[in-house]
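Undergrad: I'd like to ask you about the structure that follows.
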Amino acid sequence: MNINLCNIVDLPKIQDPRGNLTFVESGNQIPFDIQRVYYLYDVPGGSERGGHAHKELHQLIIAMSGSFDVVLDDGKEKKRVHLNRSYNGLYVCPMIWRELDNFSSGSVCMVLASNKYDENDYYRDYAEFMRARWSKD
């Protein structure tokens with residue numbers, strides 16, 4: 001997989017004086033069916049999250065509140081993406097190493113995932129990820 005397949009997805013934003021509404025529909029805004037939703041919160045300042053890649057999982061990462069950065073690495077190039085709008089999501093395809101850092105105070109990171117949790121889908125060691133990444137090319 002190529003880092004250029006990971007991109008910002010503009011989600012629908014319905015504006016209303018009483019408060020805005022944004023939604024995500026499987027197969028419409030994102031190219032996968034949602035099987036799992038999880039979120040990160042109360043991340044201490046200076047902490048990092050992520051630090052892994054997935055073999056088959058697709059994700060959409062959204063800053064529901066506050067902001068944070070996602071560092072993407074496909075084994076050839078790296079890209080840092082700053083997320084700070086709840087109506088934008090970052091699509092991350094399989095075989096991309098990701099790290100999350102630079103969390104603002106009170107930030108909430110929500111992740112929509114294509115599969116349920118499966119430890120066998122993870123590369124948690126960067127050297128192992130790189131070996132698998134280059135064997136696929």
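Following the order of the structure tokens, chains are lettered A, B, ..., residues in each are numbered from 1, and ligands are numbered from 1.
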For Met64 (chain A), please output as a count of residues only all residues within 6 Å (counting only C-alpha atoms; exclusion window: fewer than 2 positions along the same chain).

TA: 4

Undergrad: Residues of region 2-123 of chain A classed as helix (DSSP H, G or I) by DSSP on the backbone are to be reported as a PyMOL selection string.

TA: chain A and resi 3-5+119-121

Undergrad: Would you output that residue set with N, CA and C atoms, as a short mmCIF file (atom, residue, chain, number, x, y, z; two decimals), in the first residue's frame?

TA:
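Just written: result26.cif:
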```cif
data_model
loop_
_atom_site.label_atom_id
_atom_site.label_comp_id
_atom_site.auth_asym_id
_atom_site.auth_seq_id
_atom_site.Cartn_x
_atom_site.Cartn_y
_atom_site.Cartn_z
N ILE A 3 1.35 5.43 0.75
CA ILE A 3 0.93 6.49 1.67
C ILE A 3 -0.05 7.46 1.01
N ASN A 4 0.01 7.59 -0.30
CA ASN A 4 -0.88 8.51 -1.01
C ASN A 4 -2.34 8.04 -1.03
N LEU A 5 -2.58 6.79 -0.66
CA LEU A 5 -3.96 6.30 -0.54
C LEU A 5 -4.62 6.79 0.74
N GLU A 119 -5.77 -9.29 17.32
CA GLU A 119 -4.35 -9.07 17.58
C GLU A 119 -3.47 -9.59 16.43
N ASN A 120 -3.93 -10.61 15.72
CA ASN A 120 -3.14 -11.17 14.61
C ASN A 120 -3.06 -10.22 13.41
N ASP A 121 -3.86 -9.16 13.39
CA ASP A 121 -3.85 -8.19 12.30
C ASP A 121 -2.80 -7.09 12.50
#
```

Undergrad: Calculate how many Å separate CA of Phe32 (chain A) from CA of Lys55 (chain A), rounding to one decimal.

TA: 15.1 Å

Undergrad: Excluding region 35-50 of chain A and its own-chain neighbours fewer than 5 positions away, which residues fall within 7 Å of it when counting only C-alpha atoms? Please give them as a short mmCIF file (atom, residue, chain, number, x, y, z; two decimals) with C-alpha atoms, in the first residue's frame.

TA:
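Writing the result to result_13.cif gives the following:
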```
data_model
loop_
_atom_site.label_atom_id
_atom_site.label_comp_id
_atom_site.auth_asym_id
_atom_site.auth_seq_id
_atom_site.Cartn_x
_atom_site.Cartn_y
_atom_site.Cartn_z
CA ARG A 98 0.85 5.09 12.17
CA GLU A 99 1.74 7.05 15.28
CA LEU A 100 -0.44 9.63 17.02
CA ASP A 101 1.10 12.49 18.99
CA ASN A 102 0.84 16.20 19.79
CA PHE A 103 -2.50 15.74 21.60
CA GLY A 106 -9.07 17.53 26.29
CA SER A 107 -8.72 15.99 22.83
CA VAL A 108 -10.79 13.00 21.80
CA CYS A 109 -9.72 10.74 18.92
CA MET A 110 -12.44 8.50 17.46
CA VAL A 111 -11.54 5.63 15.13
CA LEU A 112 -13.96 3.84 12.81
CA ALA A 113 -12.56 0.45 11.84
CA SER A 114 -13.40 -2.09 9.13
CA ASN A 115 -12.94 -5.14 11.38
CA LYS A 116 -13.37 -6.17 14.98
#
```

Undergrad: Grab the CA of Asp74 (chain A) to CA of Phe129 (chain A) distance for me, in Å with one decimal place.

TA: 9.5 Å

Undergrad: Restricting the calculation to only C-alpha atoms: of A:Phe68, A:Tyr87, A:Tyr123, A:Tyr117, which residue gets closest to Gly51 (chain A)?

TA: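 Selected residue with least distance to Gly51 (chain A): A:Tyr123.
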
Undergrad: Please extract the residues of chain A with a backbone DSSP assignment of strand (DSSP E) and present them as a PyMOL selection string.

TA: chain A and resi 7-10+13-14+21-22+36-41+49-54+59-65+68-73+78-83+88-92+97-101+108-113+122-123

Undergrad: When you count only C-alpha atoms, which of these residues is closest to His82 (chain A): A:Ile30, A:Leu57, A:Val24, A:Ile8?

TA: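 Of A:Ile30, A:Leu57, A:Val24, A:Ile8, the one nearest His82 (chain A), counting only C-alpha atoms, is A:Ile8.
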
Undergrad: Residues within 8 Å of Leu90 (chain A), please, as a PyMOL selection string. Count only C-alpha atoms; anything in the same chain fewer than 5 positions from it doesn't count.

TA: chain A and resi 6-9+59-62+83

Undergrad: Of the candidates A:Leu72, A:Leu21, A:Met130, A:Met95, which shows the shortest atom-to-atom distance to His54 (chain A), using only C-alpha atoms?

TA: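 Nearest to His54 (chain A): A:Met95.
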
Undergrad: Suppose you want the space between CA of Pro17 (chain A) and CA of Asn88 (chain A); what is it in Å?

TA: 20.2 Å

Undergrad: Compare A:Ser105, A:Gly89, A:Arg124, A:Arg80 by their minimum atom-to-atom distance to Pro12 (chain A), counting only C-alpha atoms, and give me the closest one.

TA: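 Going through A:Ser105, A:Gly89, A:Arg124, A:Arg80 one by one, the smallest distance to Pro12 (chain A) is for A:Gly89.
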
Undergrad: Would you kindly return, as an MDAnalysis selection string, each protein, DNA or RNA residue with an atom no farther than 7 Å from any atom of Asn84 (chain A), considering only C-alpha atoms and excluding same-chain residues fewer than 4 positions away?

TA: chainID A and resid 63 66:68

Undergrad: Ranking A:Val92, A:Leu11, A:Val70, A:Lys79 by minimum distance to Glu25 (chain A) and counting only C-alpha atoms, which one comes first?

TA: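 Comparing A:Val92, A:Leu11, A:Val70, A:Lys79 against Glu25 (chain A), the winner is A:Leu11.
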